[in-house]
$ cat my_file19.txt   # compact mmCIF, C-alpha atoms and all ligand atoms
# COMPACT_ATOMS: atom_id res chain seq x y z
CA MET A 30 1.51 16.46 18.80
CA ARG A 31 1.36 13.31 16.63
CA SER A 32 4.11 14.57 14.32
CA ALA A 33 6.27 15.60 17.31
CA LEU A 34 5.90 12.17 18.91
CA LEU A 35 6.60 10.38 15.64
CA GLY A 36 9.74 12.55 15.38
CA ALA A 37 10.65 11.49 18.94
CA SER A 38 10.35 7.85 17.87
CA ARG A 39 13.42 8.48 15.70
CA SER A 40 15.46 10.36 18.37
CA GLU A 41 18.53 8.40 19.51
CA ARG A 42 19.03 10.59 22.60
CA LEU A 43 15.48 10.14 23.88
CA ARG A 44 15.64 6.44 23.08
CA HIS A 45 18.76 6.09 25.20
CA THR A 46 17.11 7.82 28.20
CA VAL A 47 13.80 5.98 27.96
CA GLU A 48 15.27 2.51 27.32
CA ARG A 49 17.04 2.61 30.69
CA ILE A 50 13.70 2.37 32.48
CA PRO A 51 13.10 -1.24 33.55
CA LEU A 52 10.33 -2.80 31.47
CA THR A 53 8.18 -4.04 34.30
CA ARG A 54 7.95 -0.75 36.16
CA ASN A 55 6.34 1.47 33.61
CA VAL A 56 3.94 1.94 30.79
CA VAL A 57 6.08 -0.19 28.47
CA ALA A 58 4.85 -3.38 30.11
CA ARG A 59 1.33 -2.45 29.11
CA TYR A 60 2.17 -2.67 25.40
CA VAL A 61 5.22 -4.98 25.16
CA ALA A 62 5.43 -8.63 26.35
CA GLY A 63 9.04 -8.22 27.54
CA SER A 64 12.59 -8.33 26.25
CA GLU A 65 13.07 -12.09 25.87
CA GLN A 66 11.67 -14.85 23.66
CA SER A 67 10.40 -16.57 26.82
CA ASP A 68 8.32 -13.45 27.64
CA ALA A 69 6.66 -13.59 24.21
CA VAL A 70 5.92 -17.32 24.51
CA ARG A 71 4.53 -16.87 28.05
CA VAL A 72 2.22 -14.00 27.04
CA ALA A 73 1.09 -15.89 23.90
CA GLY A 74 0.24 -18.87 26.12
CA GLU A 75 -1.77 -16.68 28.50
CA LEU A 76 -3.73 -15.09 25.65
CA ALA A 77 -4.32 -18.47 23.96
CA GLY A 78 -5.71 -19.68 27.29
CA GLU A 79 -8.35 -16.95 26.99
CA GLY A 80 -9.38 -18.09 23.51
CA LEU A 81 -7.39 -15.44 21.62
CA ALA A 82 -5.17 -16.08 18.60
CA VAL A 83 -1.82 -14.27 18.60
CA THR A 84 0.75 -12.84 16.23
CA ILE A 85 4.21 -12.12 17.67
CA ASP A 86 6.48 -9.37 16.40
CA HIS A 87 10.17 -9.11 17.30
CA LEU A 88 10.72 -5.37 17.75
CA GLY A 89 13.72 -3.89 16.02
CA GLU A 90 15.03 -0.96 14.10
CA PRO A 91 15.71 -1.21 10.36
CA THR A 92 18.98 -3.10 10.04
CA HIS A 93 21.96 -1.58 8.24
CA ASP A 94 24.16 -4.63 8.32
CA ARG A 95 23.72 -8.00 6.67
CA ALA A 96 24.92 -10.08 9.64
CA HIS A 97 22.37 -8.37 11.87
CA ALA A 98 19.60 -9.10 9.36
CA THR A 99 20.58 -12.77 9.44
CA ARG A 100 20.54 -12.78 13.27
CA ILE A 101 17.01 -11.33 13.30
CA ALA A 102 15.85 -14.05 10.88
CA GLN A 103 17.42 -16.65 13.20
CA THR A 104 15.64 -15.05 16.16
CA TYR A 105 12.32 -15.66 14.38
CA VAL A 106 13.30 -19.23 13.49
CA ALA A 107 14.12 -19.92 17.17
CA LEU A 108 10.88 -18.26 18.28
CA LEU A 109 8.85 -20.46 15.92
CA GLU A 110 10.57 -23.57 17.25
CA ALA A 111 9.78 -22.47 20.83
CA LEU A 112 6.13 -21.89 19.89
CA ARG A 113 5.95 -25.36 18.34
CA LYS A 114 7.44 -26.93 21.46
CA ALA A 115 4.99 -25.02 23.66
CA GLU A 116 2.19 -26.41 21.42
CA LEU A 117 0.98 -22.89 20.66
CA THR A 118 0.80 -23.28 16.89
CA PRO A 119 -1.21 -22.94 14.66
CA ASP A 120 -3.07 -20.28 16.67
CA VAL A 121 0.09 -18.24 17.16
CA GLU A 122 1.79 -16.84 14.03
CA VAL A 123 4.54 -14.25 13.59
CA SER A 124 4.64 -10.76 12.08
CA VAL A 125 7.82 -9.72 10.29
CA PRO A 126 8.96 -6.19 9.37
CA LEU A 127 11.11 -6.63 6.25
CA SER A 128 13.38 -3.70 7.23
CA ALA A 129 14.60 -5.81 10.16
CA VAL A 130 15.69 -8.65 7.86
CA GLY A 131 17.55 -6.56 5.27
CA GLN A 132 15.10 -4.62 3.07
CA THR A 133 16.88 -1.29 3.69
CA LEU A 134 20.41 -2.56 3.00
CA PRO A 135 21.96 -0.48 0.18
CA ALA A 136 23.20 -3.43 -1.88
CA ASP A 137 20.79 -6.30 -2.64
CA GLY A 138 18.42 -5.31 0.21
CA ALA A 139 15.36 -6.76 -1.54
CA ALA A 140 17.07 -10.09 -2.28
CA ILE A 141 18.47 -10.39 1.26
CA ALA A 142 15.08 -9.59 2.82
CA LEU A 143 13.43 -12.18 0.56
CA GLU A 144 16.00 -14.85 1.45
CA ASN A 145 15.61 -14.19 5.19
CA ALA A 146 11.82 -14.05 4.94
CA GLN A 147 11.85 -17.41 3.08
CA GLN A 148 13.77 -18.96 5.99
CA ILE A 149 11.24 -17.59 8.47
CA CYS A 150 8.31 -18.82 6.34
CA GLN A 151 9.90 -22.28 6.13
CA ALA A 152 10.31 -22.37 9.93
CA ALA A 153 6.69 -21.24 10.31
CA ALA A 154 5.52 -23.98 7.93
CA ASP A 155 7.59 -26.55 9.87
CA ALA A 156 5.93 -25.35 13.08
CA GLY A 157 2.47 -25.57 11.49
CA THR A 158 1.81 -21.84 11.38
CA THR A 159 2.34 -18.83 9.13
CA VAL A 160 3.73 -15.32 8.70
CA THR A 161 2.28 -11.86 8.08
CA LEU A 162 4.53 -9.13 6.65
CA ASP A 163 4.29 -5.84 8.56
CA MET A 164 3.97 -2.72 6.41
CA GLU A 165 6.33 0.17 7.03
CA ASP A 166 6.38 3.66 5.48
CA HIS A 167 5.03 4.23 1.96
CA THR A 168 8.47 4.12 0.32
CA THR A 169 8.54 0.38 1.08
CA THR A 170 5.02 -0.61 0.01
CA ASP A 171 5.85 -1.81 -3.52
CA ALA A 172 8.98 -3.66 -2.38
CA THR A 173 7.03 -5.39 0.43
CA LEU A 174 4.22 -6.43 -1.91
CA ASP A 175 6.84 -7.79 -4.35
CA VAL A 176 8.31 -9.93 -1.56
CA LEU A 177 4.78 -11.06 -0.63
CA ARG A 178 4.18 -12.28 -4.20
CA GLU A 179 7.47 -14.21 -4.25
CA LEU A 180 6.84 -15.78 -0.83
CA ARG A 181 3.30 -16.81 -1.70
CA ALA A 182 4.59 -18.98 -4.55
CA ASP A 183 5.99 -21.39 -1.93
CA PHE A 184 4.05 -20.36 1.18
CA PRO A 185 0.52 -19.42 0.02
CA SER A 186 -0.75 -18.55 3.51
CA VAL A 187 1.68 -15.62 3.99
CA GLY A 188 -0.29 -12.42 4.59
CA ALA A 189 0.42 -8.70 4.34
CA VAL A 190 -0.64 -5.47 5.99
CA LEU A 191 -2.29 -2.64 4.04
CA GLN A 192 -2.68 0.87 5.48
CA ALA A 193 -5.98 2.70 4.92
CA GLN A 194 -4.25 6.08 5.26
CA LEU A 195 -2.49 5.55 1.91
CA LYS A 196 -4.43 6.68 -1.14
CA ARG A 197 -3.29 3.60 -3.10
CA THR A 198 -4.66 1.08 -0.58
CA GLU A 199 -8.20 0.66 -1.95
CA SER A 200 -6.63 -0.45 -5.22
CA ASP A 201 -4.15 -2.73 -3.39
CA CYS A 202 -7.12 -4.28 -1.56
CA ARG A 203 -8.73 -5.06 -4.92
CA ASP A 204 -5.52 -6.77 -6.08
CA LEU A 205 -5.29 -8.82 -2.90
CA ALA A 206 -8.96 -9.72 -2.33
CA HIS A 207 -8.57 -13.14 -3.91
CA GLU A 208 -8.95 -16.72 -2.69
CA GLY A 209 -6.39 -17.68 -0.04
CA SER A 210 -5.14 -14.11 0.43
CA ARG A 211 -4.77 -12.84 4.01
CA VAL A 212 -4.89 -9.04 4.32
CA ARG A 213 -4.43 -7.24 7.63
CA LEU A 214 -6.08 -3.85 7.21
CA CYS A 215 -4.90 -1.11 9.59
CA LYS A 216 -5.13 2.70 9.56
CA GLY A 217 -1.34 3.20 9.30
CA ALA A 218 1.11 4.35 11.96
CA TYR A 219 3.52 6.48 9.88
CA ASP A 220 3.56 10.24 9.36
CA GLU A 221 3.08 10.25 5.59
CA PRO A 222 2.98 13.21 3.16
CA GLU A 223 -0.35 14.29 1.69
CA THR A 224 0.88 13.46 -1.79
CA VAL A 225 0.40 9.78 -0.93
CA ALA A 226 -1.76 9.73 2.21
CA PHE A 227 -5.00 11.04 3.70
CA ARG A 228 -3.98 13.36 6.54
CA ASP A 229 -7.44 13.93 7.98
CA ARG A 230 -8.67 11.29 10.47
CA GLY A 231 -12.17 11.29 8.98
CA GLU A 232 -10.75 10.68 5.52
CA VAL A 233 -8.62 7.80 6.84
CA ASP A 234 -11.72 6.25 8.46
CA ARG A 235 -13.72 6.58 5.23
CA SER A 236 -10.87 4.99 3.31
CA TYR A 237 -10.83 2.16 5.90
CA VAL A 238 -14.54 1.51 5.27
CA ARG A 239 -14.06 1.48 1.47
CA CYS A 240 -11.17 -0.97 1.87
CA MET A 241 -13.21 -3.23 4.18
CA LYS A 242 -16.03 -3.27 1.61
CA VAL A 243 -13.59 -4.52 -1.03
CA LEU A 244 -12.08 -7.15 1.28
CA PHE A 245 -15.39 -8.51 2.61
CA ALA A 246 -16.85 -8.67 -0.91
CA GLY A 247 -13.79 -10.56 -2.16
CA ALA A 248 -12.73 -14.18 -1.71
CA GLY A 249 -9.79 -13.59 0.65
CA TYR A 250 -9.45 -13.59 4.43
CA PRO A 251 -9.89 -10.04 5.85
CA MET A 252 -8.04 -9.27 9.10
CA ILE A 253 -9.61 -6.15 10.59
CA ALA A 254 -6.82 -4.58 12.65
CA THR A 255 -8.29 -1.65 14.56
CA HIS A 256 -9.42 -0.62 18.04
CA ASP A 257 -11.93 1.80 16.57
CA ALA A 258 -15.35 0.72 17.91
CA ARG A 259 -17.21 2.22 14.94
CA LEU A 260 -15.06 0.35 12.40
CA VAL A 261 -15.42 -2.92 14.34
CA GLU A 262 -19.19 -2.46 14.19
CA ILE A 263 -19.13 -1.74 10.43
CA ALA A 264 -16.95 -4.83 9.90
CA GLY A 265 -19.62 -6.90 11.67
CA SER A 266 -22.34 -5.49 9.38
CA LEU A 267 -20.26 -6.16 6.27
CA ALA A 268 -19.59 -9.73 7.40
CA ALA A 269 -23.36 -10.24 7.81
CA ARG A 270 -24.15 -8.56 4.46
CA HIS A 271 -21.73 -10.88 2.65
CA ARG A 272 -22.96 -13.93 4.64
CA ARG A 273 -19.47 -14.54 5.94
CA GLU A 274 -19.26 -17.19 8.62
CA GLN A 275 -17.39 -16.38 11.84
CA GLY A 276 -13.84 -17.58 11.26
CA SER A 277 -13.78 -16.57 7.58
CA TYR A 278 -12.38 -13.21 8.74
CA GLU A 279 -10.89 -12.00 12.01
CA TYR A 280 -10.45 -8.97 14.22
CA GLN A 281 -6.98 -7.96 15.39
CA MET A 282 -5.86 -5.61 18.17
CA LEU A 283 -2.58 -4.68 19.78
CA TYR A 284 -1.49 -6.22 23.08
CA GLY A 285 -2.62 -3.97 25.92
CA LEU A 286 -5.33 -2.16 23.97
CA ARG A 287 -9.07 -2.74 24.50
CA SER A 288 -8.49 -6.10 26.19
CA ARG A 289 -12.08 -6.29 27.42
CA GLU A 290 -13.35 -5.69 23.89
CA GLN A 291 -11.10 -8.49 22.61
CA LEU A 292 -12.70 -10.91 25.06
CA ARG A 293 -16.21 -9.63 24.35
CA LEU A 294 -15.72 -10.44 20.66
CA VAL A 295 -14.36 -13.90 21.49
CA ARG A 296 -17.39 -14.60 23.68
CA ALA A 297 -19.59 -13.54 20.74
CA GLY A 298 -17.94 -16.31 18.70
CA GLU A 299 -15.58 -14.08 16.70
CA ARG A 300 -11.96 -14.90 15.93
CA VAL A 301 -9.68 -12.30 17.52
CA ARG A 302 -5.90 -12.10 17.19
CA VAL A 303 -3.68 -10.06 19.51
CA TYR A 304 -0.47 -8.54 18.15
CA VAL A 305 2.20 -9.15 20.79
CA PRO A 306 5.49 -7.27 20.38
CA TYR A 307 8.62 -8.24 22.32
CA GLY A 308 12.34 -7.59 22.30
CA PRO A 309 14.85 -5.16 23.80
CA GLU A 310 14.37 -2.51 21.09
CA TRP A 311 10.87 -1.45 22.06
CA TYR A 312 11.36 2.34 22.09
CA ALA A 313 10.14 3.34 18.57
CA TYR A 314 7.13 1.01 18.88
CA LEU A 315 6.15 2.50 22.22
CA VAL A 316 6.37 6.09 20.98
CA ARG A 317 4.22 5.23 17.92
CA ARG A 318 1.55 3.93 20.33
CA LEU A 319 1.82 7.14 22.38
CA ALA A 320 1.45 9.19 19.19
CA GLU A 321 -1.94 7.53 18.68
CA ARG A 322 -3.01 8.41 22.20
CA PRO A 323 -1.01 11.35 23.63
CA ALA A 324 -3.03 11.04 26.89
CA ASN A 325 -0.81 8.03 27.68
CA LEU A 326 2.28 10.24 27.57
CA GLY A 327 1.70 11.26 31.20
CA PHE A 328 2.28 7.66 32.35
CA LEU A 329 5.60 7.53 30.52
CA LEU A 330 6.79 10.91 31.82
CA ARG A 331 5.97 9.87 35.42
CA SER A 332 7.96 6.64 34.85
CA VAL A 333 10.96 8.61 33.57
CA ALA A 334 10.75 11.02 36.55
CA SER A 335 10.62 8.20 39.11
CA SER A 336 13.34 6.04 37.54
P1 LIG B 1 -7.44 5.02 16.31
O1 LIG B 1 -6.00 5.37 16.49
O2 LIG B 1 -8.35 6.03 15.70
O3 LIG B 1 -8.01 4.55 17.70
C1 LIG B 1 -9.37 4.18 17.89
C2 LIG B 1 -9.61 4.03 19.38
O4 LIG B 1 -8.79 2.96 19.89
C3 LIG B 1 -9.22 5.22 20.21
O5 LIG B 1 -10.26 6.15 20.28
C4 LIG B 1 -8.92 4.57 21.55
O6 LIG B 1 -10.12 4.29 22.22
C5 LIG B 1 -8.25 3.29 21.16
N1 LIG B 1 -6.77 3.44 21.06
C6 LIG B 1 -6.04 3.49 19.91
N2 LIG B 1 -4.73 3.59 20.18
C7 LIG B 1 -4.62 3.61 21.52
C8 LIG B 1 -3.51 3.68 22.41
N3 LIG B 1 -2.24 3.72 21.96
N4 LIG B 1 -3.75 3.67 23.76
C9 LIG B 1 -5.03 3.58 24.22
N5 LIG B 1 -6.12 3.50 23.42
C10 LIG B 1 -5.92 3.52 22.09
N6 LIG B 1 0.52 0.10 11.40
C11 LIG B 1 1.38 0.16 10.34
O7 LIG B 1 1.64 1.25 9.82
N7 LIG B 1 1.96 -0.99 9.87
C12 LIG B 1 1.67 -2.21 10.39
O8 LIG B 1 2.22 -3.22 9.93
C13 LIG B 1 0.75 -2.28 11.47
N8 LIG B 1 0.40 -3.48 12.02
C14 LIG B 1 -0.64 -3.54 12.92
C15 LIG B 1 -1.12 -4.77 13.34
C16 LIG B 1 -2.22 -4.82 14.19
C17 LIG B 1 -2.75 -6.16 14.60
C18 LIG B 1 -2.85 -3.61 14.64
C19 LIG B 1 -4.05 -3.65 15.53
C20 LIG B 1 -2.34 -2.40 14.25
C21 LIG B 1 -1.24 -2.33 13.40
N9 LIG B 1 -0.71 -1.12 13.00
C22 LIG B 1 0.19 -1.09 11.96
C23 LIG B 1 -1.06 0.13 13.73
C24 LIG B 1 -2.23 0.87 13.07
O9 LIG B 1 -1.85 1.39 11.84
C25 LIG B 1 -2.73 2.02 13.95
O10 LIG B 1 -1.68 2.93 14.11
C26 LIG B 1 -3.26 1.58 15.30
O11 LIG B 1 -3.94 0.38 15.23
C27 LIG B 1 -4.22 2.63 15.88
O12 LIG B 1 -5.28 2.84 14.99
P2 LIG B 1 -6.81 2.38 15.29
O13 LIG B 1 -7.31 1.72 14.05
O14 LIG B 1 -6.88 1.57 16.51
O15 LIG B 1 -7.61 3.73 15.40
$ encode --input "my_file19.txt" --output "structure tokens"
Amino acid sequence: MRSALLGASRSERLRHTVERIPLTRNVVARYVAGSEQSDAVRVAGELAGEGLAVTIDHLGEPTHDRAHATRIAQTYVALLEALRKAELTPDVEVSVPLSAVGQTLPADGAAIALENAQQICQAAADAGTTVTLDMEDHTTTDATLDVLRELRADFPSVGAVLQAQLKRTESDCRDLAHEGSRVRLCKGAYDEPETVAFRDRGEVDRSYVRCMKVLFAGAGYPMIATHDARLVEIAGSLAARHRREQGSYEYQMLYGLRSREQLRLVRAGERVRVYVPYGPEWYAYLVRRLAERPANLGFLLRSVASS
């Protein structure tokens, strides 16, 4: 089912049908702030009012044209300016998928993505906040970590995502568990081959625990991005074992998932950041969320039927 849904996330025909459903009337609104920048800023403000930190992601497909990559970078720059004006920084940062700002372009993709990411990082610094680089499928991991290294030379607070489902990640955690390094650890949302990834859920969870042990033992800033209650509990134990103060690490969850748990952690004094996606191109993101929880598919199918 997961593979079929992840395949559907790449289907143009399905995307066309599903994207015609108005955002507010269906399951999409549960996971996505809305189509416009103002929706993202409004939702970030609401979450900040509840004591939650936020990271905002502009949803988009990998770009195949340089002008489009530049427009996406400008979208982030404008978003950061709006967040500054709304006085939502520094507690609201942005998450950037490098494929949206040029990484997959055939000629000079890496250089174009770096240039665009530098502009976004500069705008974030001007707004008093920072950037975390999303991680996409395993073919992009090295290129993304290369861009991270380059960005950190000028913007040392830039963070990256590592995916516990990849066999290489424990070693990447070791490389990145240093002073000032922000690592968002997630399980991984892509359907990866077993040559590079653990395919069994139990194996992914065990890898996640090994990675957390490395991050909590290190000198960096672990960002524990999961809704898995067991892993959240283990993170708490590791924080205690390493005498980490609250605020020297954080929990992260997606907008619309386990909202009560997010607030419970905040009330317990923990730092919790909500990942808020927005933008008109929400289809692939939504289907990846459904792939994690096929039970939610029923909501979407009912929305399609009634639209
Ligand atoms: P898991 O999927 O095992 O879920 C654990 C429990 O959480 C479930 O039993 C259920 O209770 C609840 N749950 C999970 N998904 C649900 C859903 N859709 N609906 C309802 N309940 C649900 N991935 C990636 O490849 N690259 C990236 O850059 C990022 N970035 C990122 C940032 C942040 C802040 C988060 C939280 C996640 C990501 N991810 C990601 C996604 C991540 O890889 C993973 O796919 C999801 O977080 C789901 O995995 P869990 O760790 O929650 O565990």
$ residues_near_ligand --input "my_file19.txt" --ligand "ligand LIG 1 (chain B)" --cutoff "7 Å" --atoms "all atoms listed in the file" --output "list in words"
Asp163, Met164, Glu165, Asp166, Val190, Gln192, Cys215, Lys216, Gly217, Ala218, Tyr219, Ala254, Thr255, His256, Asp257, Ala258, Gln281, Met282, Leu283, Leu286, Arg287, Val303, Tyr304, Arg318, Leu319, Glu321, Arg322 and Asn325 of chain A
$ closest_residue --input "my_file19.txt" --among "A:Leu88, A:Leu177, A:Leu81, A:Leu294" --to "A:Ser64" --atoms "all atoms listed in the file"
A:Leu88
$ atom_distance --input "my_file19.txt" --atom1 "atom CA of A:Asp204" --atom2 "atom CA of A:Val243"
9.8 Å
$ atom_distance --input "my_file19.txt" --atom1 "atom CA of A:Gly78" --atom2 "atom CA of A:Arg259"
27.6 Å
$ closest_residue --input "my_file19.txt" --among "A:His167, A:Ala73, A:Ile101, A:Gly157" --to "A:Ala142" --atoms "only C-alpha atoms"
A:Ile101
$ build_atoms --input "my_file19.txt" --residues "stretch 300-327 of chain A" --atoms "N, CA and C atoms" --output "PDB file, in the coordinates of the input"
ATOM      1  N   ARG A 300     -13.382 -14.589  15.822  1.00  0.00           N
ATOM      2  CA  ARG A 300     -11.960 -14.900  15.930  1.00  0.00           C
ATOM      3  C   ARG A 300     -11.217 -13.579  16.139  1.00  0.00           C
ATOM      4  N   VAL A 301     -10.399 -13.530  17.186  1.00  0.00           N
ATOM      5  CA  VAL A 301      -9.680 -12.300  17.520  1.00  0.00           C
ATOM      6  C   VAL A 301      -8.205 -12.641  17.712  1.00  0.00           C
ATOM      7  N   ARG A 302      -7.343 -11.875  17.057  1.00  0.00           N
ATOM      8  CA  ARG A 302      -5.900 -12.100  17.190  1.00  0.00           C
ATOM      9  C   ARG A 302      -5.248 -10.879  17.846  1.00  0.00           C
ATOM     10  N   VAL A 303      -4.381 -11.148  18.813  1.00  0.00           N
ATOM     11  CA  VAL A 303      -3.680 -10.060  19.510  1.00  0.00           C
ATOM     12  C   VAL A 303      -2.245  -9.993  18.988  1.00  0.00           C
ATOM     13  N   TYR A 304      -1.823  -8.780  18.676  1.00  0.00           N
ATOM     14  CA  TYR A 304      -0.470  -8.540  18.150  1.00  0.00           C
ATOM     15  C   TYR A 304       0.442  -8.279  19.342  1.00  0.00           C
ATOM     16  N   VAL A 305       1.349  -9.216  19.587  1.00  0.00           N
ATOM     17  CA  VAL A 305       2.200  -9.150  20.790  1.00  0.00           C
ATOM     18  C   VAL A 305       3.638  -8.819  20.381  1.00  0.00           C
ATOM     19  N   PRO A 306       4.105  -7.608  20.690  1.00  0.00           N
ATOM     20  CA  PRO A 306       5.490  -7.270  20.380  1.00  0.00           C
ATOM     21  C   PRO A 306       6.409  -7.620  21.556  1.00  0.00           C
ATOM     22  N   TYR A 307       7.648  -7.995  21.245  1.00  0.00           N
ATOM     23  CA  TYR A 307       8.620  -8.240  22.320  1.00  0.00           C
ATOM     24  C   TYR A 307      10.013  -7.900  21.785  1.00  0.00           C
ATOM     25  N   GLY A 308      10.961  -7.828  22.706  1.00  0.00           N
ATOM     26  CA  GLY A 308      12.340  -7.590  22.300  1.00  0.00           C
ATOM     27  C   GLY A 308      12.913  -6.365  23.008  1.00  0.00           C
ATOM     28  N   PRO A 309      14.235  -6.282  23.079  1.00  0.00           N
ATOM     29  CA  PRO A 309      14.850  -5.160  23.800  1.00  0.00           C
ATOM     30  C   PRO A 309      14.670  -3.810  23.116  1.00  0.00           C
ATOM     31  N   GLU A 310      14.439  -3.804  21.798  1.00  0.00           N
ATOM     32  CA  GLU A 310      14.370  -2.510  21.090  1.00  0.00           C
ATOM     33  C   GLU A 310      12.919  -2.056  20.940  1.00  0.00           C
ATOM     34  N   TRP A 311      12.287  -1.744  22.070  1.00  0.00           N
ATOM     35  CA  TRP A 311      10.870  -1.450  22.060  1.00  0.00           C
ATOM     36  C   TRP A 311      10.569   0.045  21.930  1.00  0.00           C
ATOM     37  N   TYR A 312      11.592   0.909  21.959  1.00  0.00           N
ATOM     38  CA  TYR A 312      11.360   2.340  22.090  1.00  0.00           C
ATOM     39  C   TYR A 312      10.482   2.937  20.965  1.00  0.00           C
ATOM     40  N   ALA A 313      10.872   2.711  19.685  1.00  0.00           N
ATOM     41  CA  ALA A 313      10.140   3.340  18.570  1.00  0.00           C
ATOM     42  C   ALA A 313       8.690   2.853  18.544  1.00  0.00           C
ATOM     43  N   TYR A 314       8.484   1.564  18.866  1.00  0.00           N
ATOM     44  CA  TYR A 314       7.130   1.010  18.880  1.00  0.00           C
ATOM     45  C   TYR A 314       6.281   1.725  19.940  1.00  0.00           C
ATOM     46  N   LEU A 315       6.875   1.873  21.130  1.00  0.00           N
ATOM     47  CA  LEU A 315       6.150   2.500  22.220  1.00  0.00           C
ATOM     48  C   LEU A 315       5.745   3.930  21.856  1.00  0.00           C
ATOM     49  N   VAL A 316       6.667   4.690  21.286  1.00  0.00           N
ATOM     50  CA  VAL A 316       6.370   6.090  20.980  1.00  0.00           C
ATOM     51  C   VAL A 316       5.303   6.182  19.883  1.00  0.00           C
ATOM     52  N   ARG A 317       5.295   5.216  18.938  1.00  0.00           N
ATOM     53  CA  ARG A 317       4.220   5.230  17.920  1.00  0.00           C
ATOM     54  C   ARG A 317       2.863   5.012  18.585  1.00  0.00           C
ATOM     55  N   ARG A 318       2.825   4.143  19.620  1.00  0.00           N
ATOM     56  CA  ARG A 318       1.550   3.930  20.330  1.00  0.00           C
ATOM     57  C   ARG A 318       1.142   5.196  21.072  1.00  0.00           C
ATOM     58  N   LEU A 319       2.135   5.902  21.656  1.00  0.00           N
ATOM     59  CA  LEU A 319       1.820   7.140  22.380  1.00  0.00           C
ATOM     60  C   LEU A 319       1.325   8.214  21.397  1.00  0.00           C
ATOM     61  N   ALA A 320       1.869   8.207  20.178  1.00  0.00           N
ATOM     62  CA  ALA A 320       1.450   9.190  19.190  1.00  0.00           C
ATOM     63  C   ALA A 320      -0.027   9.022  18.855  1.00  0.00           C
ATOM     64  N   GLU A 321      -0.526   7.766  18.955  1.00  0.00           N
ATOM     65  CA  GLU A 321      -1.940   7.530  18.680  1.00  0.00           C
ATOM     66  C   GLU A 321      -2.814   8.028  19.819  1.00  0.00           C
ATOM     67  N   ARG A 322      -2.224   8.112  21.010  1.00  0.00           N
ATOM     68  CA  ARG A 322      -3.010   8.410  22.200  1.00  0.00           C
ATOM     69  C   ARG A 322      -2.140   9.238  23.154  1.00  0.00           C
ATOM     70  N   PRO A 323      -1.925  10.538  22.824  1.00  0.00           N
ATOM     71  CA  PRO A 323      -1.010  11.350  23.630  1.00  0.00           C
ATOM     72  C   PRO A 323      -1.377  11.378  25.118  1.00  0.00           C
ATOM     73  N   ALA A 324      -2.650  11.067  25.470  1.00  0.00           N
ATOM     74  CA  ALA A 324      -3.030  11.040  26.890  1.00  0.00           C
ATOM     75  C   ALA A 324      -2.148  10.063  27.665  1.00  0.00           C
ATOM     76  N   ASN A 325      -1.647   9.027  26.993  1.00  0.00           N
ATOM     77  CA  ASN A 325      -0.810   8.030  27.680  1.00  0.00           C
ATOM     78  C   ASN A 325       0.590   8.564  27.985  1.00  0.00           C
ATOM     79  N   LEU A 326       0.941   9.705  27.388  1.00  0.00           N
ATOM     80  CA  LEU A 326       2.280  10.240  27.570  1.00  0.00           C
ATOM     81  C   LEU A 326       2.569  10.526  29.046  1.00  0.00           C
ATOM     82  N   GLY A 327       1.530  10.947  29.781  1.00  0.00           N
ATOM     83  CA  GLY A 327       1.700  11.260  31.200  1.00  0.00           C
ATOM     84  C   GLY A 327       2.260  10.079  31.975  1.00  0.00           C
TER      85      GLY A 327
END
